[in-house]
Protein chains: 2
Amino acid sequence: MIQTTGEPLTIKDIARLAGCGVSTVSRALNGSNEISEQTKERINEVIRQYNYTPNGNARRMRRSAEKTILLIVNGSSNLFFSPLIEQIQIASSSAGFQIAVNHIDEQEDEVQFASRLCTELRPAGVIFLGGDMRNFKRSFARIKLPCILSTANAEELGFENLSSVSVDDYEGGRAAAEQLFDRGHKKVGILGGDLSSYGPSGLRYGGFCSVCSERGADIPDSELCAYTFSSAYEAAVALYHKCKGMTAVFAMSDIIAVGAVRAFLDMGKRVPEDISVLGFDGIELSEYSNPRIATLAQPIHQISSLSVRMLVNMIEDGAEASHVTLRAQFRSGGSMGRI
Amino acid sequence: MIQTTGEPLTIKDIARLAGCGVSTVSRALNGSNEISEQTKERINEVIRQYNYTPNGNARRMRRSAEKTILLIVNGSSNLFFSPLIEQIQIASSSAGFQIAVNHIDEQEDEVQFASRLCTELRPAGVIFLGGDMRNFKRSFARIKLPCILSTANAEELGFENLSSVSVDDYEGGRAAAEQLFDRGHKKVGILGGDLSSYGPSGLRYGGFCSVCSERGADIPDSELCAYTFSSAYEAAVALYHKCKGMTAVFAMSDIIAVGAVRAFLDMGKRVPEDISVLGFDGIELSEYSNPRIATLAQPIHQISSLSVRMLVNMIEDGAEASHVTLRAQFRSGGSMGRI
DNA sequence: CTGAAAGCGCTTACAG
DNA sequence: CTGAAAGCGCTTACAG
């Protein structure tokens with residue numbers, strides 16, 4: 001490799017060095033077939049020798065970043081999202097797309113943020129990892145690109161350019177209730193996000209309550225909390241005092257479940273002998289906790305690969321928006337016992 | 001807000017709409033002071049009305065992305081890194097820099113990757129979160145921008161444009177050994193990354209061994225593992241069989257510690273009664289595990305804010321490379337007991 | 001303080 | 001198959 005100093009090389013330099021025009025270099029760079037094998041080889045040799053990389057900003061400006069997918073992640077240290085992000089990255093790069101990841105705070109409006117970034121980056125499409133339905137309702141109309149909402153169902157929203165891949169959260173909530181009732185629990189508390197919303201928490205709550213009423217049980221007590229250990233810890237303490245005689249907790253995520261377990265242990269309760277805890281998501285940590293967290297596992301791999309595939313279909317073939325619903329699968333664990 | 005259809009607006013459109021030249025719009029956009037408050041206000045009003053955002057690719061091309069910092073993260077679902085990333089993002093945006101995060105596999109050469117991305121993105125500087133010293137030795141010379149290695153010490157490498165912020169890993173290893181010896185443990189096994197390297201694992205191992213020899217103990221048995229639950233689990237089982245009579249384990253990260261605890265519990269051992277486990281890093285999970293993980297906590301907040309501040313000083317004021325070493329702080333936890 | 005013009009490093013019709 | 005030229009959306013001397 002020839003050492004260079006100072007300014008990076010441009011396509012012009014390569015053209016000069018290879019003794020040809022810039023358009024020819026550009027063709028070699030982009031694997032065009034309007035170029036002879038011979039010159040392509042010669043140019044590539046020069047590129048290799050001088051270790052040239054094209055200026056991506058200039059490229060993206062011309063091509064409108066057509067090979068980039070924007071990934072908007074709600075919240076930054078979410079153990080459920082991190083393997084999804086990883087798999088989305090892998091799946092899209094094998095489909096020939098770069099991923100630009102952007103984490104945003106849960107309080108921010110992810111849709112507005114994405115809209116701004118779209119004119120900034122000009123990606124070919126957007127994947128939202130989680131999101132607040134109200135934000136979509138309010139500002140999604142502004143986004144004209146193919147988009148996917150991963151992890152929540154966007155069917156009700158009815159946008160032409162918004163597909164979604166998610167677990168059937170209502171059914172998941174029902175399954176949670178059935179697992180608990182079948183083990184003899186009658187008084188169950190609930191720990192989760194906004195239960196009144198259209199979003200995953202609300203749907204799971206709705207499913208849970210539907211089983212309660214079928215089985216003649218009361219509407220369960222609940223306590224709102226964020227998807228963090230510390231928030232779950234506090235909420236679990238509050239719930240324990242509010243919901244007298246509670247023998248089990250349905251936590252809307254495994255992170256919440258782990259925080260709740262820690263809280264109950266600190267209060268001198270045994271899990272699951274005194275109180276059972278059932279999580280949601282099926283993150284890796286649930287299998288390494290003590291006790292292991294019983295959970296409704298989401299098919300992470302399917303969610304990520306479908307998200308990418310559906311988005312690419314929309315981008316490349318103009319496919320219409322569609323909504324895929326998968327099933328969360330119950331997985332037992334030491335945190336949930338029989339009464 | 002006025003609705004627009006089709007193509008996004010350009011600076012030309014705004015100029016036309018505001019009745020001025022493009023250079024004036026550009027000045028308003030960039031907060032130049034060569035522009036009257038009056039016109040600036042008028043232009044900003046138009047920009048707001050039409051919800052215009054400049055094309056970032058074109059901007060970055062002209063400005064060589066001078067306001068972007070590239071953040072290279074080794075490994076993707078690292079619980080120790082995720083709060084660091086978050087804080088680095090916050091600190092740099094308040095210093096006026098955008099962060100472009102890129103996760104890479106642990107097997108990849110992060111330095112070569114960064115070098116390629118530098119000509120692709122033309123950032124103002126690079127922050128490496130973790131990294132393999134061998135890769136730096138081999139290929140860092142190629143990178144001419146101001147860089148920071150966060151989480152490992154780069155002093156020995158002696159590059160003029162590479163600073164570092166890290167914990168004193170050798171001292172951390174010594175502290176770990178002292179805490180264990182002081183509690184009566186004599187036979188300790190070690191679980192961690194490449195112990196023969198110059199990197200953090202190697203230094204901690206070196207510090208640990210130095211205390212062993214001071215106290216007349218043997219060189220401890222060790223088992224190599226990656227920084228994941230599953231790898232730690234397997235390694236802990238292997239270590240248990242290799243290191244007969246072991247009463248404690250020093251794990252090079254809290255993730256490894258959690259995986260090891262799970263393994264020992266599954267083998268019917270009690271933690272800490274039969275075997276103590278000491279971690280490293282001080283991630284949030286360590287305080288929510290059961291038992292809580294005793295650990296050497298890294299000052300995450302200091303590491304992130306110093307990394308950004310030092311890099312910005314190098315970029316803006318041409319500050320020289322420097323190397324800051326912080327202290328890991330012991331934090332007790334139920335995973336470590338007395339013998 | 002403002003605008004017309006040049007130019008950043010690419011890609012892509014267009015003409016050969 | 002190849003090259004000269006136009007143009008992408010910005011920023012920044014330069015001249016007023």
# chains A, B, ... in the order shown; residues from 1 in each chain; ligands from 1
$ closest_atom_pairs --of "chain D" --to "chain B" --cutoff "7 Å" --atoms "only C-alpha atoms (C1' of nucleotides)" --output "tab-separated table"
residue	atom	partner	partner_atom	distance
D:DG9	C1'	B:Ala58	CA	5.3
D:DC10	C1'	B:Ala58	CA	5.1
D:DT11	C1'	B:Arg62	CA	6.2
$ interface_residues --of "chain A" --to "chain B" --cutoff "9 Å" --atoms "only C-alpha atoms" --output "ChimeraX atom specification"
/A:3,6,8,52-62,64-65,76-77,79,82-83,85-86,100-103,116-117,119-122,142,144,229-230,233,258-259,261-263,265,284-285,287-291
$ write_last_selection --atoms "N, CA and C atoms" --output "short mmCIF file (atom, residue, chain, number, x, y, z; two decimals), in the first residue's frame"
data_model
loop_
_atom_site.label_atom_id
_atom_site.label_comp_id
_atom_site.auth_asym_id
_atom_site.auth_seq_id
_atom_site.Cartn_x
_atom_site.Cartn_y
_atom_site.Cartn_z
N GLN A 3 1.86 4.86 0.80
CA GLN A 3 1.51 5.82 1.84
C GLN A 3 1.19 7.17 1.24
N GLY A 6 -1.51 13.93 4.04
CA GLY A 6 -2.44 15.03 3.83
C GLY A 6 -3.82 14.61 3.39
N PRO A 8 -7.20 13.34 1.74
CA PRO A 8 -7.59 12.07 1.13
C PRO A 8 -7.77 12.22 -0.38
N TYR A 52 -7.92 3.91 -1.59
CA TYR A 52 -8.91 4.96 -1.77
C TYR A 52 -10.31 4.51 -1.32
N THR A 53 -11.01 5.37 -0.62
CA THR A 53 -12.43 5.14 -0.32
C THR A 53 -13.19 6.36 -0.75
N PRO A 54 -14.27 6.17 -1.49
CA PRO A 54 -15.01 7.36 -1.93
C PRO A 54 -15.60 8.12 -0.76
N ASN A 55 -15.76 9.38 -0.92
CA ASN A 55 -16.39 10.23 0.08
C ASN A 55 -17.89 9.90 0.13
N GLY A 56 -18.27 9.31 1.25
CA GLY A 56 -19.64 8.83 1.38
C GLY A 56 -20.67 9.94 1.34
N ASN A 57 -20.30 11.11 1.82
CA ASN A 57 -21.26 12.20 1.84
C ASN A 57 -21.62 12.65 0.44
N ALA A 58 -20.59 12.74 -0.38
CA ALA A 58 -20.84 13.13 -1.77
C ALA A 58 -21.68 12.06 -2.46
N ARG A 59 -21.33 10.82 -2.20
CA ARG A 59 -22.09 9.72 -2.80
C ARG A 59 -23.54 9.76 -2.38
N ARG A 60 -23.74 9.89 -1.09
CA ARG A 60 -25.11 9.88 -0.59
C ARG A 60 -25.90 11.06 -1.11
N MET A 61 -25.21 12.18 -1.30
CA MET A 61 -25.93 13.32 -1.81
C MET A 61 -26.47 13.02 -3.19
N ARG A 62 -25.64 12.46 -4.02
CA ARG A 62 -26.07 12.14 -5.37
C ARG A 62 -27.13 11.04 -5.39
N SER A 64 -29.05 10.03 -2.90
CA SER A 64 -30.09 10.13 -1.87
C SER A 64 -30.04 8.97 -0.90
N ALA A 65 -28.84 8.56 -0.56
CA ALA A 65 -28.68 7.52 0.45
C ALA A 65 -29.60 6.35 0.19
N SER A 76 -32.65 3.64 25.22
CA SER A 76 -31.31 3.26 24.79
C SER A 76 -30.80 1.98 25.39
N SER A 77 -31.11 1.68 26.64
CA SER A 77 -30.52 0.46 27.16
C SER A 77 -31.61 -0.56 27.41
N LEU A 79 -32.79 -4.18 26.97
CA LEU A 79 -32.23 -5.50 26.71
C LEU A 79 -33.04 -6.30 25.71
N SER A 82 -31.81 -4.82 22.15
CA SER A 82 -30.45 -4.91 21.64
C SER A 82 -30.20 -6.12 20.73
N PRO A 83 -30.69 -7.32 21.04
CA PRO A 83 -30.50 -8.37 20.05
C PRO A 83 -31.28 -8.11 18.76
N ILE A 85 -31.72 -5.19 17.37
CA ILE A 85 -30.91 -4.25 16.60
C ILE A 85 -29.80 -5.00 15.88
N GLU A 86 -29.15 -5.85 16.64
CA GLU A 86 -28.05 -6.61 16.07
C GLU A 86 -28.51 -7.42 14.86
N ALA A 100 -28.58 3.00 9.72
CA ALA A 100 -28.18 4.12 10.57
C ALA A 100 -29.04 4.08 11.82
N VAL A 101 -28.43 3.71 12.94
CA VAL A 101 -29.19 3.56 14.18
C VAL A 101 -29.27 4.89 14.93
N ASN A 102 -30.42 5.21 15.43
CA ASN A 102 -30.55 6.38 16.28
C ASN A 102 -31.42 6.06 17.49
N HIS A 103 -30.84 6.23 18.65
CA HIS A 103 -31.58 6.00 19.89
C HIS A 103 -32.23 7.30 20.33
N ARG A 116 -37.51 14.47 10.74
CA ARG A 116 -36.38 15.38 10.58
C ARG A 116 -35.18 14.64 9.98
N LEU A 117 -34.90 13.48 10.56
CA LEU A 117 -33.75 12.73 10.10
C LEU A 117 -33.90 12.27 8.65
N THR A 119 -35.15 13.94 6.13
CA THR A 119 -34.68 14.94 5.18
C THR A 119 -33.18 15.15 5.37
N GLU A 120 -32.71 14.85 6.55
CA GLU A 120 -31.29 15.01 6.83
C GLU A 120 -30.48 13.93 6.10
N LEU A 121 -30.94 12.72 6.21
CA LEU A 121 -30.17 11.58 5.71
C LEU A 121 -30.66 11.04 4.38
N ARG A 122 -31.94 11.29 4.06
CA ARG A 122 -32.55 10.73 2.86
C ARG A 122 -32.36 9.22 2.77
N ARG A 142 -46.64 12.90 7.80
CA ARG A 142 -45.58 13.71 7.23
C ARG A 142 -44.50 12.88 6.53
N LYS A 144 -43.11 10.19 4.10
CA LYS A 144 -43.60 9.60 2.85
C LYS A 144 -42.87 8.32 2.46
N PHE A 229 -34.97 -1.44 35.64
CA PHE A 229 -34.90 -2.14 36.92
C PHE A 229 -35.41 -1.26 38.05
N SER A 230 -34.90 -0.03 38.09
CA SER A 230 -35.17 0.80 39.26
C SER A 230 -36.63 1.21 39.33
N TYR A 233 -38.58 -1.74 40.46
CA TYR A 233 -38.36 -2.01 41.88
C TYR A 233 -39.33 -1.20 42.73
N VAL A 258 -37.41 -8.77 36.67
CA VAL A 258 -36.18 -8.88 37.47
C VAL A 258 -36.16 -7.82 38.57
N GLY A 259 -36.55 -6.60 38.23
CA GLY A 259 -36.61 -5.55 39.24
C GLY A 259 -37.61 -5.89 40.34
N VAL A 261 -38.63 -8.95 41.26
CA VAL A 261 -38.11 -10.06 42.06
C VAL A 261 -37.17 -9.52 43.13
N ARG A 262 -36.27 -8.63 42.69
CA ARG A 262 -35.31 -8.06 43.64
C ARG A 262 -36.05 -7.32 44.77
N ALA A 263 -37.09 -6.62 44.42
CA ALA A 263 -37.85 -5.88 45.43
C ALA A 263 -38.50 -6.83 46.42
N LEU A 265 -37.65 -9.90 47.16
CA LEU A 265 -36.63 -10.55 47.99
C LEU A 265 -36.19 -9.59 49.09
N GLU A 284 -32.46 -12.83 27.04
CA GLU A 284 -31.48 -13.80 27.50
C GLU A 284 -31.36 -13.78 29.02
N LEU A 285 -31.37 -12.59 29.60
CA LEU A 285 -31.22 -12.47 31.05
C LEU A 285 -32.22 -13.32 31.82
N GLU A 287 -33.09 -16.19 31.51
CA GLU A 287 -32.61 -17.55 31.75
C GLU A 287 -31.39 -17.59 32.65
N TYR A 288 -30.86 -16.44 33.00
CA TYR A 288 -29.68 -16.40 33.87
C TYR A 288 -29.99 -15.78 35.21
N SER A 289 -31.25 -15.37 35.40
CA SER A 289 -31.64 -14.80 36.68
C SER A 289 -31.84 -15.90 37.70
N ASN A 290 -31.92 -15.49 38.94
CA ASN A 290 -32.16 -16.44 40.01
C ASN A 290 -33.31 -15.94 40.85
N PRO A 291 -34.48 -16.59 40.86
CA PRO A 291 -34.82 -17.73 40.01
C PRO A 291 -34.94 -17.31 38.55
#
$ residues_around --residues "Leu17 in chain B" --least-positions-apart "6" --cutoff "10 Å" --atoms "only C-alpha atoms (C1' of nucleotides)" --output "PDB file with C-alpha atoms, in the first residue's frame"
ATOM      1  CA  ILE B  11     -32.093  25.925   0.079  1.00  0.00           C
ATOM      2  CA  ILE B  43     -35.892  33.441   6.817  1.00  0.00           C
ATOM      3  CA  VAL B  46     -40.156  30.662   6.206  1.00  0.00           C
ATOM      4  CA  ILE B  47     -38.070  27.675   7.258  1.00  0.00           C
ATOM      5  CA  TYR B  50     -42.352  24.983   5.313  1.00  0.00           C
TER       6      TYR B  50
END
$ select_by_dssp --residues "range 186-297 of chain B" --states "helix (DSSP H, G or I)" --output "MDAnalysis selection string"
chainID B and resid 200:214 229:242 254:266 284:287
$ write_last_selection --atoms "C-alpha atoms" --output "PDB file, in the first residue's frame"
ATOM      1  CA  PRO B 200      -7.861  -4.719  30.444  1.00  0.00           C
ATOM      2  CA  SER B 201      -8.219  -8.449  31.107  1.00  0.00           C
ATOM      3  CA  GLY B 202      -4.488  -8.961  30.977  1.00  0.00           C
ATOM      4  CA  LEU B 203      -3.788  -6.031  33.264  1.00  0.00           C
ATOM      5  CA  ARG B 204      -6.376  -7.088  35.816  1.00  0.00           C
ATOM      6  CA  TYR B 205      -4.947 -10.568  35.744  1.00  0.00           C
ATOM      7  CA  GLY B 206      -1.469  -9.163  36.241  1.00  0.00           C
ATOM      8  CA  GLY B 207      -2.576  -7.124  39.230  1.00  0.00           C
ATOM      9  CA  PHE B 208      -4.369 -10.085  40.690  1.00  0.00           C
ATOM     10  CA  CYS B 209      -1.320 -12.316  40.350  1.00  0.00           C
ATOM     11  CA  SER B 210       0.965  -9.714  41.890  1.00  0.00           C
ATOM     12  CA  VAL B 211      -1.056  -9.873  45.101  1.00  0.00           C
ATOM     13  CA  CYS B 212      -1.044 -13.652  44.953  1.00  0.00           C
ATOM     14  CA  SER B 213       2.714 -13.738  44.887  1.00  0.00           C
ATOM     15  CA  GLU B 214       2.984 -11.134  47.656  1.00  0.00           C
ATOM     16  CA  PHE B 229     -23.911 -14.946  29.872  1.00  0.00           C
ATOM     17  CA  SER B 230     -23.735 -18.170  27.919  1.00  0.00           C
ATOM     18  CA  SER B 231     -19.998 -18.171  27.413  1.00  0.00           C
ATOM     19  CA  ALA B 232     -19.494 -17.373  31.083  1.00  0.00           C
ATOM     20  CA  TYR B 233     -21.827 -20.184  32.080  1.00  0.00           C
ATOM     21  CA  GLU B 234     -19.842 -22.786  30.193  1.00  0.00           C
ATOM     22  CA  ALA B 235     -16.526 -21.434  31.319  1.00  0.00           C
ATOM     23  CA  ALA B 236     -17.649 -21.455  34.955  1.00  0.00           C
ATOM     24  CA  VAL B 237     -18.556 -25.128  34.729  1.00  0.00           C
ATOM     25  CA  ALA B 238     -15.191 -25.925  33.188  1.00  0.00           C
ATOM     26  CA  LEU B 239     -13.364 -23.838  35.770  1.00  0.00           C
ATOM     27  CA  TYR B 240     -15.140 -25.586  38.603  1.00  0.00           C
ATOM     28  CA  HIS B 241     -13.891 -28.942  37.441  1.00  0.00           C
ATOM     29  CA  LYS B 242     -10.413 -27.688  36.715  1.00  0.00           C
ATOM     30  CA  ASP B 254     -20.466  -8.418  35.904  1.00  0.00           C
ATOM     31  CA  ILE B 255     -22.050 -10.189  32.961  1.00  0.00           C
ATOM     32  CA  ILE B 256     -19.567 -12.998  33.388  1.00  0.00           C
ATOM     33  CA  ALA B 257     -20.277 -12.982  37.117  1.00  0.00           C
ATOM     34  CA  VAL B 258     -24.029 -13.367  36.561  1.00  0.00           C
ATOM     35  CA  GLY B 259     -23.473 -16.220  34.125  1.00  0.00           C
ATOM     36  CA  ALA B 260     -21.122 -17.900  36.580  1.00  0.00           C
ATOM     37  CA  VAL B 261     -23.543 -17.544  39.500  1.00  0.00           C
ATOM     38  CA  ARG B 262     -26.248 -19.204  37.434  1.00  0.00           C
ATOM     39  CA  ALA B 263     -23.876 -22.040  36.562  1.00  0.00           C
ATOM     40  CA  PHE B 264     -22.894 -22.660  40.165  1.00  0.00           C
ATOM     41  CA  LEU B 265     -26.511 -22.611  41.329  1.00  0.00           C
ATOM     42  CA  ASP B 266     -27.391 -25.102  38.627  1.00  0.00           C
ATOM     43  CA  GLU B 284     -26.880  -1.661  36.997  1.00  0.00           C
ATOM     44  CA  LEU B 285     -27.793  -5.334  36.750  1.00  0.00           C
ATOM     45  CA  SER B 286     -25.276  -6.191  39.457  1.00  0.00           C
ATOM     46  CA  GLU B 287     -27.533  -4.492  41.981  1.00  0.00           C
TER      47      GLU B 287
END
$ decode --residues "range 2-16 of chain D" --atoms "N, CA, C and O atoms (P, O5', C5', C4', C3', O3' and C1' of nucleotides)" --output "short mmCIF file (atom, residue, chain, number, x, y, z; two decimals), in the first residue's frame"
data_model
loop_
_atom_site.label_atom_id
_atom_site.label_comp_id
_atom_site.auth_asym_id
_atom_site.auth_seq_id
_atom_site.Cartn_x
_atom_site.Cartn_y
_atom_site.Cartn_z
P DT D 2 -13.54 0.87 -21.18
"O5'" DT D 2 -13.82 2.38 -21.56
"C5'" DT D 2 -13.08 2.98 -22.65
"C4'" DT D 2 -13.51 4.40 -22.78
"C3'" DT D 2 -13.32 5.24 -21.51
"O3'" DT D 2 -12.22 6.08 -21.72
"C1'" DT D 2 -15.39 5.70 -22.64
P DG D 3 -11.73 7.06 -20.53
"O5'" DG D 3 -12.42 8.44 -20.92
"C5'" DG D 3 -12.20 8.95 -22.23
"C4'" DG D 3 -12.93 10.26 -22.39
"C3'" DG D 3 -12.72 11.25 -21.24
"O3'" DG D 3 -12.64 12.54 -21.81
"C1'" DG D 3 -15.03 10.78 -21.45
P DA D 4 -12.12 13.77 -20.97
"O5'" DA D 4 -13.13 14.90 -21.42
"C5'" DA D 4 -13.75 14.84 -22.71
"C4'" DA D 4 -14.89 15.84 -22.79
"C3'" DA D 4 -14.75 17.07 -21.91
"O3'" DA D 4 -15.56 18.08 -22.48
"C1'" DA D 4 -16.48 15.73 -21.07
P DA D 5 -15.86 19.47 -21.69
"O5'" DA D 5 -17.31 19.21 -21.07
"C5'" DA D 5 -18.37 18.80 -21.93
"C4'" DA D 5 -19.69 18.88 -21.18
"C3'" DA D 5 -19.81 20.06 -20.22
"O3'" DA D 5 -21.16 20.47 -20.20
"C1'" DA D 5 -20.05 18.10 -19.01
P DA D 6 -21.60 21.85 -19.54
"O5'" DA D 6 -22.96 21.43 -18.81
"C5'" DA D 6 -23.77 20.39 -19.37
"C4'" DA D 6 -24.65 19.81 -18.29
"C3'" DA D 6 -25.09 20.84 -17.24
"O3'" DA D 6 -26.45 20.55 -16.91
"C1'" DA D 6 -23.96 19.09 -16.17
P DG D 7 -27.28 21.57 -16.01
"O5'" DG D 7 -27.36 20.77 -14.64
"C5'" DG D 7 -27.80 19.41 -14.64
"C4'" DG D 7 -27.61 18.88 -13.25
"C3'" DG D 7 -27.91 19.91 -12.17
"O3'" DG D 7 -28.68 19.28 -11.16
"C1'" DG D 7 -25.79 18.99 -11.83
P DC D 8 -29.62 20.12 -10.20
"O5'" DC D 8 -29.64 19.25 -8.87
"C5'" DC D 8 -29.79 17.84 -8.91
"C4'" DC D 8 -29.09 17.28 -7.69
"C3'" DC D 8 -29.13 18.22 -6.51
"O3'" DC D 8 -30.27 17.89 -5.71
"C1'" DC D 8 -26.93 17.26 -6.82
P DG D 9 -31.26 19.03 -5.23
"O5'" DG D 9 -30.54 19.57 -3.93
"C5'" DG D 9 -30.24 18.67 -2.88
"C4'" DG D 9 -29.29 19.36 -1.93
"C3'" DG D 9 -29.77 20.72 -1.44
"O3'" DG D 9 -29.56 20.76 -0.04
"C1'" DG D 9 -27.62 20.92 -2.34
P DC D 10 -30.08 21.92 0.88
"O5'" DC D 10 -28.79 21.99 1.80
"C5'" DC D 10 -28.04 23.15 1.89
"C4'" DC D 10 -26.57 22.79 1.80
"C3'" DC D 10 -25.68 23.92 2.23
"O3'" DC D 10 -25.33 23.71 3.60
"C1'" DC D 10 -24.94 23.02 0.15
P DT D 11 -24.89 24.95 4.48
"O5'" DT D 11 -23.45 25.31 3.90
"C5'" DT D 11 -22.37 24.42 4.14
"C4'" DT D 11 -21.10 25.04 3.59
"C3'" DT D 11 -20.70 26.34 4.26
"O3'" DT D 11 -19.29 26.30 4.40
"C1'" DT D 11 -20.91 26.68 1.94
P DT D 12 -18.51 27.23 5.40
"O5'" DT D 12 -17.53 28.02 4.45
"C5'" DT D 12 -17.11 27.43 3.22
"C4'" DT D 12 -16.54 28.51 2.33
"C3'" DT D 12 -16.21 29.82 3.03
"O3'" DT D 12 -15.10 30.39 2.34
"C1'" DT D 12 -17.74 30.25 1.35
P DA D 13 -13.88 31.00 3.14
"O5'" DA D 13 -13.94 32.56 2.80
"C5'" DA D 13 -12.84 33.17 2.25
"C4'" DA D 13 -12.73 32.95 0.76
"C3'" DA D 13 -12.41 34.25 0.01
"O3'" DA D 13 -11.58 34.02 -1.10
"C1'" DA D 13 -14.60 33.48 -0.57
P DC D 14 -10.80 35.31 -1.69
"O5'" DC D 14 -11.96 36.10 -2.47
"C5'" DC D 14 -12.53 35.54 -3.65
"C4'" DC D 14 -13.54 36.51 -4.21
"C3'" DC D 14 -13.13 37.99 -4.05
"O3'" DC D 14 -13.11 38.60 -5.33
"C1'" DC D 14 -15.38 37.64 -3.35
P DA D 15 -12.56 40.12 -5.44
"O5'" DA D 15 -13.91 40.90 -5.78
"C5'" DA D 15 -14.85 40.32 -6.68
"C4'" DA D 15 -16.14 41.09 -6.60
"C3'" DA D 15 -15.96 42.61 -6.52
"O3'" DA D 15 -16.88 43.22 -7.41
"C1'" DA D 15 -17.30 41.86 -4.72
P DG D 16 -16.84 44.79 -7.67
"O5'" DG D 16 -17.96 45.34 -6.71
"C5'" DG D 16 -19.31 45.28 -7.17
"C4'" DG D 16 -20.21 45.26 -5.98
"C3'" DG D 16 -20.65 46.65 -5.51
"O3'" DG D 16 -21.99 46.85 -5.91
"C1'" DG D 16 -20.32 45.12 -3.73
#
